[in-house]
$ cat coords_36.tsv   # TSV, C-alpha atoms
chain	number	residue	atom	x	y	z
A	1	MET	CA	220.79	68.28	282.23
A	2	ASP	CA	220.02	68.24	285.91
A	3	ARG	CA	221.93	71.19	287.35
A	4	SER	CA	222.74	71.40	291.01
A	5	HIS	CA	224.76	74.59	290.42
A	6	GLU	CA	223.54	78.10	289.72
A	7	LEU	CA	225.38	78.61	286.45
A	8	THR	CA	223.48	79.28	283.24
A	9	GLU	CA	224.15	77.60	279.95
A	10	GLU	CA	225.29	80.93	278.47
A	11	GLU	CA	227.89	81.31	281.24
A	12	LEU	CA	229.17	77.79	280.64
A	13	ALA	CA	229.35	78.39	276.88
A	14	ALA	CA	231.26	81.63	277.40
A	15	HIS	CA	233.67	79.79	279.74
A	16	VAL	CA	234.30	77.03	277.15
A	17	ARG	CA	234.89	79.68	274.44
A	18	GLY	CA	237.26	81.51	276.80
A	19	ASP	CA	235.09	84.66	276.87
A	20	SER	CA	234.18	84.64	280.59
A	21	ALA	CA	235.68	87.08	283.11
A	22	PRO	CA	238.57	85.69	285.25
A	23	GLU	CA	236.53	85.67	288.50
A	24	GLN	CA	233.64	83.92	286.67
A	25	ALA	CA	236.10	81.36	285.19
A	26	ALA	CA	237.53	80.65	288.67
A	27	ARG	CA	234.02	80.17	290.08
A	28	ILE	CA	233.09	77.74	287.24
A	29	GLU	CA	236.33	75.75	287.70
A	30	ALA	CA	235.75	75.44	291.45
A	31	ALA	CA	232.16	74.29	290.87
A	32	ALA	CA	233.32	71.74	288.26
A	33	GLU	CA	235.81	70.21	290.70
A	34	ALA	CA	233.03	69.68	293.24
A	35	ASP	CA	230.32	68.50	290.79
A	36	PRO	CA	230.97	65.53	288.44
A	37	ASN	CA	227.82	66.38	286.41
A	38	LEU	CA	229.16	69.88	285.74
A	39	ARG	CA	232.52	68.40	284.70
A	40	ALA	CA	230.71	66.10	282.21
A	41	GLU	CA	228.68	69.02	280.83
A	42	LEU	CA	231.82	71.10	280.36
A	43	ALA	CA	233.53	68.15	278.61
A	44	VAL	CA	230.64	67.84	276.16
A	45	MET	CA	230.68	71.57	275.53
A	46	GLY	CA	234.45	71.44	275.09
A	47	GLY	CA	233.97	68.91	272.31
A	48	LEU	CA	231.69	71.42	270.62
A	49	LYS	CA	234.16	74.29	271.16
A	50	GLU	CA	234.70	75.01	267.49
A	51	ALA	CA	230.99	75.19	266.83
A	52	LEU	CA	230.48	77.41	269.87
A	53	LYS	CA	233.28	79.81	268.81
A	54	ALA	CA	231.56	80.34	265.48
A	55	SER	CA	228.20	81.02	267.12
A	56	THR	CA	227.29	84.57	267.90
A	57	ASP	CA	224.21	86.29	269.16
A	58	ALA	CA	224.27	88.59	266.14
A	59	PRO	CA	221.61	88.07	263.46
A	60	ASP	CA	222.41	85.79	260.56
A	61	THR	CA	223.36	87.96	257.60
A	62	ARG	CA	223.54	85.19	255.05
A	63	ALA	CA	221.09	85.30	252.18
A	64	PHE	CA	217.98	83.19	252.70
A	65	GLY	CA	215.88	81.07	250.41
A	66	TRP	CA	216.24	81.55	246.69
A	67	LYS	CA	219.10	84.06	246.94
A	68	ARG	CA	221.21	81.62	249.00
A	69	LEU	CA	220.43	78.80	246.55
A	70	GLU	CA	221.40	80.97	243.57
A	71	THR	CA	224.68	81.85	245.27
A	72	GLU	CA	225.49	78.21	245.99
A	73	ILE	CA	224.64	77.22	242.41
A	74	ALA	CA	226.83	79.98	241.01
A	75	GLN	CA	229.75	78.85	243.19
A	76	THR	CA	229.41	75.21	242.20
A	77	LYS	CA	231.43	74.16	239.18
A	78	ALA	CA	229.37	72.60	236.45
A	79	ALA	CA	230.10	68.91	236.17
A	80	THR	CA	231.45	67.87	232.83
A	81	PRO	CA	229.30	65.15	231.32
A	82	VAL	CA	230.95	61.76	230.99
A	83	PRO	CA	230.69	60.49	227.43
A	84	ARG	CA	228.65	57.29	227.42
A	85	VAL	CA	228.25	54.74	224.75
A	86	GLN	CA	224.55	54.50	224.21
A	87	SER	CA	223.97	50.77	224.25
A	88	TRP	CA	220.52	51.07	222.75
A	89	ARG	CA	222.07	52.45	219.56
A	90	LEU	CA	224.36	49.43	219.28
A	91	ALA	CA	221.45	47.07	219.91
A	92	ALA	CA	219.30	48.84	217.30
A	93	ALA	CA	222.10	48.66	214.73
A	94	GLY	CA	222.57	44.93	215.42
A	95	LEU	CA	218.85	44.29	215.12
A	96	GLY	CA	218.76	46.20	211.85
A	97	VAL	CA	221.56	44.07	210.42
A	98	VAL	CA	219.77	40.86	211.45
A	99	ALA	CA	216.50	42.04	209.90
A	100	LEU	CA	218.29	42.99	206.67
A	101	LEU	CA	220.04	39.62	206.43
A	102	GLN	CA	216.84	37.69	207.12
A	103	GLY	CA	214.92	39.71	204.53
A	104	THR	CA	217.65	39.09	201.97
A	105	TYR	CA	217.59	35.36	202.68
A	106	ILE	CA	213.82	35.16	202.31
A	107	ALA	CA	213.85	37.15	199.08
A	108	LEU	CA	216.72	35.23	197.50
A	109	ALA	CA	216.02	31.72	198.88
A	110	PRO	CA	215.70	29.20	196.07
A	111	ALA	CA	212.13	28.17	195.43
A	112	GLY	CA	211.48	24.45	195.71
A	113	GLY	CA	209.65	24.29	192.42
A	114	ASP	CA	206.33	22.52	192.85
A	115	THR	CA	207.03	21.26	196.35
A	116	PRO	CA	204.84	22.98	198.92
A	117	LEU	CA	206.42	25.08	201.64
A	118	TYR	CA	204.57	23.03	204.28
A	119	ARG	CA	202.95	19.64	204.61
A	120	THR	CA	200.13	18.48	206.77
A	121	VAL	CA	200.56	15.71	209.29
A	122	SER	CA	197.61	13.75	207.94
A	123	GLU	CA	198.36	10.69	205.81
A	124	GLU	CA	197.83	10.33	202.11
A	125	THR	CA	194.78	8.18	201.58
A	126	SER	CA	194.02	5.50	199.03
A	127	GLY	CA	190.69	7.02	198.04
A	128	PHE	CA	188.50	4.62	200.01
A	129	ASN	CA	187.40	7.10	202.71
A	130	ILE	CA	184.40	8.14	204.76
A	131	ALA	CA	183.91	10.94	207.29
A	132	ILE	CA	182.49	10.07	210.68
A	133	ALA	CA	181.69	11.82	213.96
A	134	PHE	CA	181.80	9.89	217.22
A	135	VAL	CA	179.37	10.36	220.09
A	136	PRO	CA	180.79	12.66	222.79
A	137	ASP	CA	181.04	9.94	225.48
A	138	ALA	CA	182.87	7.39	223.28
A	139	THR	CA	186.22	6.32	224.73
A	140	VAL	CA	189.41	5.88	222.76
A	141	ALA	CA	189.45	2.15	223.48
A	142	GLU	CA	185.91	1.69	222.15
A	143	ILE	CA	186.66	3.71	219.00
A	144	GLU	CA	189.87	1.77	218.38
A	145	ALA	CA	188.08	-1.61	218.77
A	146	LEU	CA	185.30	-0.57	216.34
A	147	LEU	CA	187.78	0.61	213.72
A	148	ARG	CA	189.88	-2.59	213.96
A	149	GLN	CA	186.80	-4.81	213.57
A	150	ASN	CA	185.97	-3.02	210.31
A	151	GLY	CA	189.53	-2.72	208.92
A	152	ALA	CA	189.54	1.09	209.19
A	153	ARG	CA	192.09	3.62	210.41
A	154	ILE	CA	191.84	7.34	211.15
A	155	THR	CA	193.87	9.31	208.61
A	156	ASP	CA	192.77	12.85	209.44
A	157	GLY	CA	190.84	14.79	212.02
A	158	PRO	CA	189.12	15.93	213.92
A	159	SER	CA	188.08	18.77	211.67
A	160	ALA	CA	186.62	22.04	212.92
A	161	ILE	CA	183.19	20.40	213.15
A	162	GLY	CA	184.48	17.21	214.79
A	163	LEU	CA	184.65	14.91	211.73
A	164	TYR	CA	187.37	12.27	211.33
A	165	ARG	CA	188.48	10.90	207.95
A	166	VAL	CA	188.62	7.10	208.10
A	167	SER	CA	190.39	5.17	205.34
A	168	PHE	CA	190.10	1.55	204.13
A	169	GLU	CA	192.30	-0.73	202.01
A	170	THR	CA	189.56	-1.68	199.54
A	171	GLU	CA	186.22	-0.44	198.31
A	172	ASP	CA	184.52	-3.58	199.63
A	173	ALA	CA	185.83	-2.87	203.16
A	174	ARG	CA	184.53	0.69	202.86
A	175	ALA	CA	181.07	-0.42	201.73
A	176	SER	CA	180.82	-3.00	204.51
A	177	ALA	CA	181.91	-0.44	207.13
A	178	LEU	CA	179.33	2.08	205.86
A	179	ALA	CA	176.53	-0.35	206.69
A	180	THR	CA	178.07	-1.21	210.12
A	181	PHE	CA	178.87	2.40	211.09
A	182	GLY	CA	175.32	3.51	210.25
A	183	THR	CA	173.94	1.40	213.10
A	184	ALA	CA	176.89	1.58	215.55
A	185	PRO	CA	176.01	3.30	218.86
A	186	LEU	CA	179.49	4.96	219.04
A	187	ILE	CA	179.05	6.85	215.77
A	188	ASP	CA	176.93	9.98	215.61
A	189	LEU	CA	177.30	10.78	211.88
A	190	VAL	CA	178.55	8.98	208.78
A	191	ALA	CA	179.23	10.90	205.56
A	192	GLU	CA	180.69	9.63	202.31
A	193	ASN	CA	183.81	11.48	201.35
$ encode --input "coords_36.tsv" --output "structure tokens"
Amino acid sequence: MDRSHELTEEELAAHVRGDSAPEQAARIEAAAEADPNLRAELAVMGGLKEALKASTDAPDTRAFGWKRLETEIAQTKAATPVPRVQSWRLAAAGLGVVALLQGTYIALAPAGGDTPLYRTVSEETSGFNIAIAFVPDATVAEIEALLRQNGARITDGPSAIGLYRVSFETEDARASALATFGTAPLIDLVAEN
């Protein structure tokens, strides 16, 4: 603070604590009445009176470092642990029950006899089939028009190598389509099935 008086901070602290001599106290009070800044400083120090009373110029005799920490730990009561329900155990038990029930169902499920456990999406064919591969730039509309003209329909495919199974109603339709598909610009490969 900007001090226009000749009093030291130690003298002011002693005055606030009540430790200053009576003539010093009278001098400080007279200076405070004349100087509003000194009055404000004394008011702030008065608010810290309890802290100032506890302060001394004597060396701190408390233990430092690890010794002080050990003392504080020894004085602190150990917290009693709060019993918690471990939710992961409940979840694991529930999952185990589900796995056990599902395994039991799979093991004891009635077998369907000769019926397969899955079916493919492809249609059953009449036996009048050929396998064909279309050229890469053939459009769906062009392929559909070619198949309609020859009485054919796609019943399976494409396979892993790009072949489609095409079925016909009769053997004559199949034989006629074989000759047509062999020269068609949309078809890359024709193979008898």
$ atom_distance --input "coords_36.tsv" --atom1 "atom CA of Leu38 of chain A" --atom2 "atom CA of Ala14 of chain A"
14.6 Å
$ atom_distance --input "coords_36.tsv" --atom1 "atom CA of Ala30 of chain A" --atom2 "atom CA of Thr8 of chain A"
15.3 Å
$ residues_around --input "coords_36.tsv" --residues "Ala138 of chain A" --least-positions-apart "6" --cutoff "12 Å" --atoms "only C-alpha atoms" --output "list in words"
Glu144, Ala145, Leu146, Ala184, Pro185, Leu186, Ile187 and Asp188 of chain A
$ residues_around --input "coords_36.tsv" --residues "segment 170-178 of chain A" --least-positions-apart "3" --cutoff "7 Å" --atoms "all atoms listed in the file" --output "ChimeraX atom specification"
/A:128,150-151,181-182
$ closest_residue --input "coords_36.tsv" --among "A:Ser87, A:Thr155, A:Thr104, A:Thr71" --to "Ile132 of chain A" --atoms "all atoms listed in the file"
A:Thr155
$ residues_around --input "coords_36.tsv" --residues "Asn129 of chain A" --least-positions-apart "5" --cutoff "8 Å" --atoms "all atoms listed in the file" --output "list in words"
Arg165, Val166, Ser167, Phe168, Arg174, Glu192 and Asn193 of chain A
$ atom_distance --input "coords_36.tsv" --atom1 "atom CA of Asp137 of chain A" --atom2 "atom CA of Gln149 of chain A"
19.8 Å
$ closest_residue --input "coords_36.tsv" --among "A:Ala191, A:Leu108, A:Ala74, A:Ala13" --to "Val44 of chain A" --atoms "all atoms listed in the file"
A:Ala13
$ build_atoms --input "coords_36.tsv" --residues "segment 172-186 of chain A" --atoms "N, CA, C and O atoms" --output "PDB file, in the coordinates of the input"
ATOM      1  N   ASP A 172     185.430  -2.642 198.955  1.00  0.00           N
ATOM      2  CA  ASP A 172     184.520  -3.580 199.630  1.00  0.00           C
ATOM      3  C   ASP A 172     184.545  -3.350 201.136  1.00  0.00           C
ATOM      4  O   ASP A 172     183.494  -3.378 201.788  1.00  0.00           O
ATOM      5  N   ALA A 173     185.725  -3.121 201.718  1.00  0.00           N
ATOM      6  CA  ALA A 173     185.830  -2.870 203.160  1.00  0.00           C
ATOM      7  C   ALA A 173     185.105  -1.571 203.510  1.00  0.00           C
ATOM      8  O   ALA A 173     184.434  -1.476 204.546  1.00  0.00           O
ATOM      9  N   ARG A 174     185.206  -0.588 202.622  1.00  0.00           N
ATOM     10  CA  ARG A 174     184.530   0.690 202.860  1.00  0.00           C
ATOM     11  C   ARG A 174     183.025   0.507 202.826  1.00  0.00           C
ATOM     12  O   ARG A 174     182.306   1.025 203.699  1.00  0.00           O
ATOM     13  N   ALA A 175     182.519  -0.207 201.865  1.00  0.00           N
ATOM     14  CA  ALA A 175     181.070  -0.420 201.730  1.00  0.00           C
ATOM     15  C   ALA A 175     180.524  -1.198 202.910  1.00  0.00           C
ATOM     16  O   ALA A 175     179.459  -0.871 203.453  1.00  0.00           O
ATOM     17  N   SER A 176     181.250  -2.210 203.354  1.00  0.00           N
ATOM     18  CA  SER A 176     180.820  -3.000 204.510  1.00  0.00           C
ATOM     19  C   SER A 176     180.802  -2.151 205.779  1.00  0.00           C
ATOM     20  O   SER A 176     179.883  -2.232 206.600  1.00  0.00           O
ATOM     21  N   ALA A 177     181.808  -1.305 205.948  1.00  0.00           N
ATOM     22  CA  ALA A 177     181.910  -0.440 207.130  1.00  0.00           C
ATOM     23  C   ALA A 177     180.802   0.613 207.120  1.00  0.00           C
ATOM     24  O   ALA A 177     180.293   0.984 208.188  1.00  0.00           O
ATOM     25  N   LEU A 178     180.404   1.092 205.942  1.00  0.00           N
ATOM     26  CA  LEU A 178     179.330   2.080 205.860  1.00  0.00           C
ATOM     27  C   LEU A 178     178.057   1.528 206.476  1.00  0.00           C
ATOM     28  O   LEU A 178     177.364   2.213 207.239  1.00  0.00           O
ATOM     29  N   ALA A 179     177.744   0.266 206.150  1.00  0.00           N
ATOM     30  CA  ALA A 179     176.530  -0.350 206.690  1.00  0.00           C
ATOM     31  C   ALA A 179     176.661  -0.553 208.198  1.00  0.00           C
ATOM     32  O   ALA A 179     175.722  -0.281 208.954  1.00  0.00           O
ATOM     33  N   THR A 180     177.852  -0.975 208.682  1.00  0.00           N
ATOM     34  CA  THR A 180     178.070  -1.210 210.120  1.00  0.00           C
ATOM     35  C   THR A 180     178.054   0.092 210.898  1.00  0.00           C
ATOM     36  O   THR A 180     177.441   0.196 211.969  1.00  0.00           O
ATOM     37  N   PHE A 181     178.756   1.119 210.374  1.00  0.00           N
ATOM     38  CA  PHE A 181     178.870   2.400 211.090  1.00  0.00           C
ATOM     39  C   PHE A 181     177.517   3.117 211.178  1.00  0.00           C
ATOM     40  O   PHE A 181     177.266   3.869 212.106  1.00  0.00           O
ATOM     41  N   GLY A 182     176.631   2.877 210.222  1.00  0.00           N
ATOM     42  CA  GLY A 182     175.320   3.510 210.250  1.00  0.00           C
ATOM     43  C   GLY A 182     174.483   3.097 211.441  1.00  0.00           C
ATOM     44  O   GLY A 182     173.631   3.859 211.902  1.00  0.00           O
ATOM     45  N   THR A 183     174.715   1.897 211.952  1.00  0.00           N
ATOM     46  CA  THR A 183     173.940   1.400 213.100  1.00  0.00           C
ATOM     47  C   THR A 183     174.753   1.338 214.388  1.00  0.00           C
ATOM     48  O   THR A 183     174.218   0.965 215.424  1.00  0.00           O
ATOM     49  N   ALA A 184     176.029   1.678 214.359  1.00  0.00           N
ATOM     50  CA  ALA A 184     176.890   1.580 215.550  1.00  0.00           C
ATOM     51  C   ALA A 184     176.520   2.668 216.552  1.00  0.00           C
ATOM     52  O   ALA A 184     176.348   3.836 216.182  1.00  0.00           O
ATOM     53  N   PRO A 185     176.386   2.302 217.856  1.00  0.00           N
ATOM     54  CA  PRO A 185     176.010   3.300 218.860  1.00  0.00           C
ATOM     55  C   PRO A 185     177.126   4.321 219.166  1.00  0.00           C
ATOM     56  O   PRO A 185     176.858   5.383 219.716  1.00  0.00           O
ATOM     57  N   LEU A 186     178.369   4.028 218.786  1.00  0.00           N
ATOM     58  CA  LEU A 186     179.490   4.960 219.040  1.00  0.00           C
ATOM     59  C   LEU A 186     179.579   6.074 218.005  1.00  0.00           C
ATOM     60  O   LEU A 186     180.289   7.049 218.220  1.00  0.00           O
TER      61      LEU A 186
END
